[in-house]
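Q: Structure: my_file.txt, compact mmCIF, C-alpha atoms and all ligand atoms.
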```txt
# COMPACT_ATOMS: atom_id res chain seq x y z
CA MET A 11 -50.35 144.13 62.08
CA LYS A 12 -49.34 140.63 63.23
CA LYS A 13 -46.62 138.80 61.35
CA ILE A 14 -48.08 135.44 60.35
CA LEU A 15 -45.92 132.61 59.01
CA VAL A 16 -47.60 129.65 57.29
CA GLN A 17 -45.39 126.58 57.83
CA LEU A 18 -45.90 124.00 55.07
CA ASP A 19 -44.06 120.83 56.04
CA SER A 20 -43.79 117.63 54.00
CA ASP A 21 -43.45 115.56 57.22
CA LYS A 22 -46.46 114.44 59.27
CA SER A 23 -45.38 116.53 62.26
CA PRO A 24 -44.22 120.01 61.25
CA SER A 25 -40.68 120.69 62.44
CA VAL A 26 -40.44 122.01 66.01
CA PHE A 27 -36.98 123.35 65.19
CA ASP A 28 -38.38 125.49 62.37
CA ALA A 29 -41.26 126.63 64.60
CA VAL A 30 -39.05 127.76 67.46
CA THR A 31 -36.71 129.51 65.04
CA ALA A 32 -39.68 131.28 63.46
CA TYR A 33 -40.73 132.75 66.81
CA ASP A 34 -37.12 133.70 67.55
CA SER A 35 -37.07 135.53 64.22
CA GLY A 36 -39.95 137.80 65.25
CA VAL A 37 -42.97 135.89 63.93
CA ASP A 38 -46.14 136.62 65.96
CA ASN A 39 -48.25 133.68 64.84
CA LEU A 40 -47.36 130.40 63.19
CA LEU A 41 -49.92 128.39 61.21
CA GLN A 42 -48.55 124.86 60.91
CA TYR A 43 -49.55 122.28 58.32
CA GLY A 44 -47.95 118.81 58.16
CA ASP A 45 -48.00 115.99 55.61
CA ILE A 46 -48.41 118.55 52.85
CA ALA A 47 -48.67 117.29 49.28
CA PRO A 48 -48.26 119.69 46.35
CA CYS A 49 -51.98 119.34 45.43
CA GLN A 50 -52.98 120.90 48.78
CA VAL A 51 -50.76 123.93 48.45
CA ARG A 52 -52.84 126.26 46.27
CA ASP A 53 -55.80 126.61 48.65
CA LEU A 54 -53.53 127.20 51.64
CA VAL A 55 -51.55 129.84 49.75
CA HIS A 56 -54.76 131.56 48.60
CA GLY A 57 -55.76 131.81 52.26
CA ALA A 58 -52.57 133.79 52.87
CA MET A 59 -52.86 135.87 49.67
CA PHE A 60 -56.47 137.02 49.77
CA THR A 61 -56.86 138.03 53.41
CA ARG A 62 -54.85 141.19 53.58
CA GLY A 63 -54.63 144.26 51.31
CA GLU A 64 -51.70 144.50 48.93
CA ASP A 65 -49.86 146.96 51.20
CA ALA A 66 -50.21 144.61 54.17
CA LEU A 67 -49.33 141.36 52.37
CA LYS A 68 -45.73 141.61 53.53
CA ASN A 69 -47.02 140.67 57.01
CA SER A 70 -47.90 137.18 55.81
CA ALA A 71 -45.27 134.71 54.57
CA ILE A 72 -44.70 131.02 53.87
CA PHE A 73 -41.97 128.66 55.13
CA VAL A 74 -41.49 125.31 53.37
CA GLY A 75 -39.79 122.60 55.45
CA GLY A 76 -39.69 118.87 56.13
CA SER A 77 -37.03 116.20 55.90
CA ASP A 78 -37.37 115.61 52.15
CA VAL A 79 -35.81 118.31 49.98
CA THR A 80 -37.39 117.09 46.73
CA SER A 81 -40.86 117.31 48.31
CA GLY A 82 -39.99 120.77 49.62
CA GLU A 83 -38.94 121.87 46.14
CA GLU A 84 -42.23 120.62 44.70
CA ILE A 85 -44.20 122.42 47.41
CA LEU A 86 -42.31 125.68 46.79
CA LYS A 87 -43.01 125.37 43.06
CA GLU A 88 -46.74 125.05 43.80
CA VAL A 89 -46.55 128.03 46.16
CA VAL A 90 -45.10 130.19 43.38
CA ASN A 91 -47.60 128.84 40.82
CA SER A 92 -50.46 129.86 43.13
CA PHE A 93 -49.69 133.60 42.96
CA PHE A 94 -51.29 136.06 40.54
CA GLY A 95 -49.12 138.99 39.55
CA THR A 96 -48.51 141.26 42.50
CA VAL A 97 -50.96 139.43 44.76
CA ARG A 98 -48.43 137.24 46.49
CA VAL A 99 -46.52 136.69 49.73
CA SER A 100 -42.85 135.97 50.37
CA ALA A 101 -41.70 132.35 50.77
CA MET A 102 -38.60 130.48 51.93
CA LEU A 103 -37.45 126.88 51.39
CA ASP A 104 -35.25 125.19 54.00
CA SER A 105 -36.24 121.51 54.03
CA ASN A 106 -34.03 119.65 56.51
CA GLY A 107 -32.02 122.84 57.00
CA CYS A 108 -30.52 122.19 53.57
CA ASN A 109 -30.12 125.81 52.51
CA THR A 110 -29.19 127.53 55.76
CA THR A 111 -26.71 124.82 56.82
CA ALA A 112 -25.06 124.56 53.41
CA VAL A 113 -24.82 128.33 53.14
CA ALA A 114 -23.22 128.53 56.61
CA ALA A 115 -20.66 125.84 55.73
CA VAL A 116 -19.80 127.49 52.42
CA ARG A 117 -19.49 130.93 54.06
CA LYS A 118 -17.07 129.46 56.61
CA ILE A 119 -14.96 127.87 53.85
CA LEU A 120 -14.99 131.12 51.84
CA SER A 121 -13.94 133.11 54.91
CA VAL A 122 -10.48 131.57 54.53
CA GLY A 123 -10.11 132.52 50.87
CA GLU A 124 -11.69 132.16 47.47
CA VAL A 125 -12.24 128.72 45.94
CA LYS A 126 -12.29 129.74 42.28
CA GLY A 127 -10.36 127.19 40.24
CA LYS A 128 -9.60 125.10 43.34
CA LYS A 129 -10.64 121.53 44.06
CA VAL A 130 -13.21 121.27 46.85
CA VAL A 131 -14.44 117.86 48.00
CA ILE A 132 -17.85 117.22 49.56
CA LEU A 133 -17.46 113.91 51.38
CA ALA A 134 -20.76 111.97 51.71
CA GLY A 135 -22.28 114.81 49.72
CA THR A 136 -25.46 113.02 48.64
CA GLY A 137 -27.63 114.40 51.49
CA PRO A 138 -29.53 117.71 51.57
CA VAL A 139 -26.64 119.71 53.06
CA GLY A 140 -23.92 118.28 50.82
CA MET A 141 -25.87 118.72 47.61
CA ARG A 142 -26.75 122.37 48.32
CA ALA A 143 -23.18 123.12 49.40
CA ALA A 144 -21.82 121.48 46.23
CA GLY A 145 -23.96 123.76 44.07
CA LEU A 146 -23.04 126.93 45.96
CA LEU A 147 -19.31 126.12 45.85
CA ALA A 148 -19.54 125.44 42.12
CA LEU A 149 -21.21 128.84 41.66
CA GLU A 150 -18.14 130.31 43.41
CA GLY A 151 -15.98 128.72 40.72
CA ALA A 152 -14.70 125.67 42.65
CA ASP A 153 -14.04 122.33 40.95
CA VAL A 154 -16.37 120.28 43.11
CA LEU A 155 -16.03 116.55 43.71
CA LEU A 156 -19.07 115.00 45.40
CA THR A 157 -18.66 111.57 46.94
CA SER A 158 -20.87 108.71 48.06
CA ARG A 159 -20.27 105.17 49.25
CA GLY A 160 -21.75 104.07 45.93
CA PHE A 161 -20.71 105.50 42.57
CA ALA A 162 -24.23 105.38 41.10
CA LYS A 163 -25.55 107.48 44.01
CA SER A 164 -22.78 110.06 43.65
CA GLU A 165 -23.45 110.20 39.91
CA LYS A 166 -27.17 110.79 40.46
CA ALA A 167 -26.58 113.47 43.09
CA ALA A 168 -23.92 115.20 40.97
CA ALA A 169 -26.28 115.25 37.97
CA THR A 170 -29.12 116.68 40.12
CA VAL A 171 -26.90 119.43 41.51
CA SER A 172 -25.37 120.19 38.11
CA LYS A 173 -28.86 120.65 36.64
CA ARG A 174 -30.23 122.65 39.57
CA PHE A 175 -27.28 125.07 39.72
CA SER A 176 -26.27 125.00 36.02
CA CYS A 177 -22.78 123.82 36.91
CA ASN A 178 -20.58 120.76 36.54
CA ILE A 179 -20.10 118.57 39.62
CA THR A 180 -17.81 115.52 39.45
CA PRO A 181 -19.03 112.34 41.17
CA ALA A 182 -16.78 109.83 42.97
CA GLN A 183 -17.10 106.70 45.06
CA VAL A 184 -15.54 106.75 48.52
CA SER A 185 -16.00 103.55 50.47
CA SER A 186 -12.50 102.87 51.81
CA PRO A 187 -9.60 104.85 53.31
CA GLU A 188 -7.74 104.49 49.99
CA GLU A 189 -10.67 106.01 48.09
CA THR A 190 -10.88 108.86 50.63
CA GLU A 191 -7.20 109.58 50.03
CA GLU A 192 -7.68 109.48 46.27
CA ALA A 193 -10.71 111.81 46.44
CA LEU A 194 -8.77 114.34 48.52
CA LYS A 195 -5.74 114.34 46.19
CA ASP A 196 -4.86 117.96 45.25
CA ALA A 197 -7.90 119.30 47.17
CA SER A 198 -7.78 122.73 48.83
CA ALA A 199 -10.89 122.31 50.95
CA VAL A 200 -13.19 119.56 52.15
CA LEU A 201 -16.67 119.58 53.64
CA CYS A 202 -17.71 116.50 55.61
CA ALA A 203 -21.45 116.32 54.95
CA GLY A 204 -22.06 112.77 56.12
CA ALA A 205 -24.84 111.57 58.39
CA ALA A 206 -24.58 112.26 62.12
CA GLY A 207 -21.96 110.19 63.94
CA ILE A 208 -19.94 109.13 60.89
CA MET A 209 -16.18 109.76 60.85
CA LEU A 210 -15.04 110.42 57.28
CA ILE A 211 -11.43 111.67 57.47
CA PRO A 212 -8.95 110.02 59.85
CA GLU A 213 -6.44 112.34 61.50
CA SER A 214 -3.60 110.40 59.87
CA LEU A 215 -4.90 111.56 56.50
CA TRP A 216 -5.87 115.20 57.14
CA ALA A 217 -3.02 116.23 59.46
CA LYS A 218 -0.26 115.50 56.96
CA HIS A 219 -2.23 116.30 53.80
CA PRO A 220 -0.01 118.30 51.41
CA THR A 221 -2.66 120.55 49.79
CA LEU A 222 -5.69 120.74 52.11
CA GLN A 223 -6.05 124.21 53.63
CA VAL A 224 -9.62 124.18 54.97
CA LEU A 225 -11.69 121.44 56.62
CA ALA A 226 -15.36 121.96 57.50
CA ASP A 227 -17.48 119.39 59.31
CA ALA A 228 -21.30 119.53 59.45
CA ASN A 229 -21.56 116.56 61.85
CA ALA A 230 -21.79 117.48 65.54
CA VAL A 231 -22.45 113.94 66.79
CA PRO A 232 -19.42 111.89 67.90
CA PRO A 233 -17.53 110.46 66.23
CA LEU A 234 -17.13 113.67 64.26
CA GLY A 235 -16.61 113.76 60.49
CA VAL A 236 -13.02 114.98 60.89
CA GLU A 237 -11.25 112.78 63.41
CA ASN A 238 -9.74 114.35 66.53
CA THR A 239 -11.21 117.82 66.05
CA LYS A 240 -13.73 119.75 68.19
CA PRO A 241 -17.20 120.77 67.07
CA HIS A 242 -16.77 124.32 68.46
CA TRP A 243 -13.58 125.04 66.48
CA SER A 244 -14.30 128.08 64.33
CA GLY A 245 -11.33 128.57 62.07
CA LYS A 246 -8.83 126.97 64.44
CA GLU A 247 -5.46 126.37 62.86
CA VAL A 248 -4.05 122.89 63.38
CA GLU A 249 -1.17 121.39 61.41
CA GLY A 250 -1.38 124.38 59.05
CA LYS A 251 -5.04 123.74 58.25
CA ILE A 252 -8.05 125.89 59.17
CA ILE A 253 -10.83 123.83 60.74
CA PHE A 254 -14.53 124.60 61.21
CA GLY A 255 -16.54 122.25 63.42
CA ALA A 256 -20.27 121.63 63.30
CA LEU A 257 -21.16 123.92 66.23
CA ALA A 258 -19.36 126.82 64.54
CA ILE A 259 -21.23 126.12 61.33
CA GLY A 260 -24.46 125.64 63.33
CA GLY A 261 -24.09 128.99 65.10
CA LEU A 262 -23.84 130.78 61.77
CA LYS A 263 -26.67 128.64 60.38
CA MET A 264 -28.99 129.86 63.15
CA LYS A 265 -28.15 133.51 62.43
CA ILE A 266 -28.78 132.97 58.71
CA HIS A 267 -32.05 131.12 59.35
CA ARG A 268 -33.37 133.87 61.66
CA LYS A 269 -32.28 136.68 59.37
CA CYS A 270 -33.96 135.07 56.36
CA VAL A 271 -37.26 134.51 58.19
CA ALA A 272 -37.19 138.13 59.39
CA GLN A 273 -36.46 139.28 55.84
CA LEU A 274 -39.62 137.54 54.57
CA PHE A 275 -41.65 140.23 56.35
CA THR A 276 -39.93 143.17 54.65
CA LYS A 277 -41.52 142.60 51.21
CA ASN A 278 -44.29 140.49 49.76
CA ASP A 279 -42.43 139.12 46.74
CA LEU A 280 -39.30 137.35 48.02
CA ILE A 281 -38.59 133.72 47.17
CA LEU A 282 -35.69 132.53 49.31
CA ASP A 283 -33.95 129.39 48.06
CA ALA A 284 -30.23 128.53 48.17
CA GLU A 285 -28.90 131.41 46.06
CA GLU A 286 -31.03 134.10 47.74
CA ILE A 287 -30.22 132.79 51.23
CA TYR A 288 -26.55 132.79 50.26
CA GLU A 289 -26.77 136.48 49.28
CA ILE A 290 -28.50 137.39 52.55
CA ALA A 291 -25.83 135.50 54.51
CA LYS A 292 -23.11 137.68 53.00
CA SER A 293 -24.37 140.58 55.12
CA ILE A 294 -23.94 138.65 58.41
P1 LIG B 1 -27.76 112.85 55.68
O1 LIG B 1 -28.67 112.97 54.52
O2 LIG B 1 -28.27 112.27 56.93
O3 LIG B 1 -26.44 112.03 55.28
C1 LIG B 1 -25.57 112.44 54.25
C2 LIG B 1 -24.91 111.26 53.64
O4 LIG B 1 -24.15 110.54 54.60
C3 LIG B 1 -25.85 110.19 53.11
O5 LIG B 1 -26.45 110.58 51.89
C4 LIG B 1 -24.94 108.99 52.99
O6 LIG B 1 -24.29 109.03 51.72
C5 LIG B 1 -23.86 109.27 54.04
N1 LIG B 1 -23.86 108.22 55.05
C6 LIG B 1 -24.92 107.75 55.76
N2 LIG B 1 -24.53 106.76 56.58
C7 LIG B 1 -23.19 106.60 56.36
C8 LIG B 1 -22.21 105.70 56.87
N3 LIG B 1 -22.52 104.77 57.80
N4 LIG B 1 -20.95 105.80 56.40
C9 LIG B 1 -20.61 106.73 55.48
N5 LIG B 1 -21.50 107.59 54.96
C10 LIG B 1 -22.77 107.52 55.39
O7 LIG B 1 -27.12 114.28 55.96
P2 LIG B 1 -27.73 115.76 55.84
O8 LIG B 1 -29.13 115.82 56.33
O9 LIG B 1 -27.38 116.31 54.49
O10 LIG B 1 -26.83 116.48 56.93
C11 LIG B 1 -25.42 116.41 56.80
C12 LIG B 1 -24.79 116.58 58.16
O11 LIG B 1 -25.09 117.89 58.61
C13 LIG B 1 -25.33 115.64 59.24
O12 LIG B 1 -24.25 115.21 60.03
C14 LIG B 1 -26.27 116.50 60.06
O13 LIG B 1 -26.37 116.07 61.39
C15 LIG B 1 -25.59 117.82 59.94
N6 LIG B 1 -26.38 119.02 60.13
C16 LIG B 1 -25.74 120.01 60.77
C17 LIG B 1 -26.38 121.19 60.97
C18 LIG B 1 -25.62 122.27 61.69
O14 LIG B 1 -26.21 123.31 61.97
N7 LIG B 1 -24.34 122.09 61.97
C19 LIG B 1 -27.69 121.38 60.51
C20 LIG B 1 -28.30 120.35 59.79
C21 LIG B 1 -27.61 119.18 59.61
P3 LIG B 1 -24.13 107.75 50.76
O15 LIG B 1 -25.23 106.79 51.09
O16 LIG B 1 -24.28 108.39 49.42
O17 LIG B 1 -22.77 107.23 51.03
```
Kindly transcribe the structure held in the file into structure tokens.

A:
Amino acid sequence: MKKILVQLDSDKSPSVFDAVTAYDSGVDNLLQYGDIAPCQVRDLVHGAMFTRGEDALKNSAIFVGGSDVTSGEEILKEVVNSFFGTVRVSAMLDSNGCNTTAVAAVRKILSVGEVKGKKVVILAGTGPVGMRAAGLLALEGADVLLTSRGFAKSEKAAATVSKRFSCNITPAQVSSPEETEEALKDASAVLCAGAAGIMLIPESLWAKHPTLQVLADANAVPPLGVENTKPHWSGKEVEGKIIFGALAIGGLKMKIHRKCVAQLFTKNDLILDAEEIYEIAKSI
């Protein structure tokens, strides 16, 4: 039986990236829907639920994407609310790559050593990747500091993550080199989660930092988030620090993304959000 993935995207044009990755994950047919609002979800989900017998339902699945994570979360909630008992299909949320990218970055950081009880800073952590990574690191026991150029924005993002992951994220403003230095004081690890092409840590700060052991950078577009590093560095040791560039994180992200989509077709009752994707990534 053909594996059919229903792509529900909050953007007008459903993501080509997610479509290509779906085919590379073994999907036979992709049904793409763009500009999806939560009120449209139920009928589309019923089309996936009621067309195949219960034993065959694992061959249909739903992927929720789009650039807006909050919209994606609302769509996923409607997907789940549309099911009746065992008549359901598996679904995955990865709006803007938030889950797969954050999971990849956190797995890279954790590959160096545990973060329990250690300070981990998410610089420019108010975007989809930074917020998911903050929650996952807090679940690993890290003391997470999430920064923004504006304190109010960091406070809002920290509160959202704290609620979503039942944890306690500390907000901070970082809008100058002095504030970057202050944020990184006593930190063991840092994730640069800023927008593409934004340098967040000058070499003069990271190279001589007394406590930083791990630096991870999600930004592959020059200038990179960590100055004078290379995007392909995958655990390269420089100045006593272990560094992961965006291409190293991206390579793992692609493996995680493909494995999760493939996993959707093994059962008809999986809901893959950050925590579940994180568990699946542990086996890669
Ligand atoms: P995003 O939402 O585009 O940006 C994250 C934060 O960057 C924003 O919330 C903003 O924070 C800050 N920012 C924006 N412009 C800035 C500027 N001029 N100076 C300082 N800070 C600025 O990021 P995202 O979608 O979460 O993605 C994070 C990074 O991961 C991006 O670089 C993206 O390209 C990359 N990415 C990598 C992969 C991969 O596989 N490696 C996959 C997906 C995404 P404030 O306004 O709060 O300061």

Q: What are the centre and edge lengths in Å, to one decimal, of the axis-aligned box around all listed atoms of stretch 92-98 of chain A with 5 Å added on each side, as JSON?

A:
```
{"center_x": -49.9, "center_y": 135.6, "center_z": 43.0, "size_x": 12.9, "size_y": 21.4, "size_z": 16.9}
```

Q: Rounded to one decimal place, report the atom CA of A:Arg159-atom O15 of ligand LIG 1 (chain B) distance in Å.

A: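 Value for the atom CA of A:Arg159-atom O15 of ligand LIG 1 (chain B) distance: 5.5 Å.
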
Q: Counting all atoms listed in the file, which residues of chain A fall within 6 Å of ligand LIG 1 (chain B), and what is the closest atom pair for each with its distance in Å at one decimal, ordered by chain and rising number, as a tab-separated table?

A:
```
residue	atom	partner	partner_atom	distance
A:Gly107	CA	B:LIG1	C20	5.3
A:Thr111	CA	B:LIG1	C19	5.1
A:Ala134	CA	B:LIG1	O6	4.6
A:Gly135	CA	B:LIG1	C2	5.9
A:Thr136	CA	B:LIG1	O5	4.2
A:Gly137	CA	B:LIG1	O1	3.5
A:Pro138	CA	B:LIG1	O9	3.9
A:Val139	CA	B:LIG1	O9	3.8
A:Gly140	CA	B:LIG1	O9	5.4
A:Ser158	CA	B:LIG1	O16	3.7
A:Arg159	CA	B:LIG1	O17	3.7
A:Lys163	CA	B:LIG1	O16	5.6
A:Ala203	CA	B:LIG1	C11	4.4
A:Gly204	CA	B:LIG1	O4	3.4
A:Ala205	CA	B:LIG1	O3	3.5
A:Ala206	CA	B:LIG1	O12	3.6
A:Ile208	CA	B:LIG1	N4	5.7
A:Ala228	CA	B:LIG1	O11	4.2
A:Asn229	CA	B:LIG1	O12	3.5
A:Ala256	CA	B:LIG1	N7	4.3
A:Leu257	CA	B:LIG1	N7	5.6
A:Ile259	CA	B:LIG1	N7	5.1
A:Gly260	CA	B:LIG1	O14	3.2
A:Lys263	CA	B:LIG1	O14	5.6
```

Q: Between A:Ala167, A:Leu18, A:Val122, A:Val113, which has the minimum distance to A:Val74 (counting only C-alpha atoms)?

A: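 Residue with the minimum atom-to-atom distance to A:Val74: A:Leu18.
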
Q: Give the answer as one residue: which of A:Val90, A:Glu249, A:Ile294, A:Ile46 has the shortest atom-to-atom distance to A:Ser121, using only C-alpha atoms?

A: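 Closest candidate: A:Ile294.
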
Q: Compile the contact shell of A:Pro24 as a PDB file with C-alpha atoms, keeping the file's coordinate frame: residues with an atom at most 7 Å away, counting only C-alpha atoms, same-chain residues fewer than 6 positions apart removed.

A:
```
ATOM      1  CA  GLN A  42     -48.550 124.860  60.910  1.00  0.00           C
ATOM      2  CA  TYR A  43     -49.550 122.280  58.320  1.00  0.00           C
ATOM      3  CA  GLY A  44     -47.950 118.810  58.160  1.00  0.00           C
ATOM      4  CA  GLY A  76     -39.690 118.870  56.130  1.00  0.00           C
TER       5      GLY A  76
END
```

Q: What does the structure give for the distance between atom CA of A:Asp227 and atom CA of A:Arg117, in Å to one decimal?

A: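 So the two atoms, atom CA of A:Asp227 and atom CA of A:Arg117, lie 12.8 Å apart.
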
Q: Give the answer as one residue: which of A:Asn39, A:Ser172, A:Gln183, A:Gln273 has the shortest atom-to-atom distance to A:Lys12, using only C-alpha atoms?

A: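 Selected residue with least distance to A:Lys12: A:Asn39.
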
Q: Which value, in Å to one decimal, gives the distance between atom CA of A:Ala258 and atom CA of A:Lys126?

A: 23.5 Å

Q: Could you tell me which of A:Val51, A:Ala199, A:Ala226, A:Leu194 comes closest to A:Lys240 if we count all atoms listed in the file?

A: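 Among the listed residues, A:Ala226 lies closest to A:Lys240.
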
Q: Please provide as a ChimeraX atom specification all residues within 12 Å of A:Lys277, with the sequence filter that same-chain residues fewer than 5 positions apart are discarded (counting only C-alpha atoms).

A: /A:13,64-71,96-101,270-272,282

Q: Please provide the set of residues having any atom within 9 Å of A:Gly151, restricted to all atoms listed in the file, with same-chain residues fewer than 4 positions apart removed, written as a list of chain:residue names.

A: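 Final neighbour list, sorted by chain and number: A:Glu124, A:Val125, A:Lys126, A:Gly127, A:Lys128, A:Leu146, A:Leu147.
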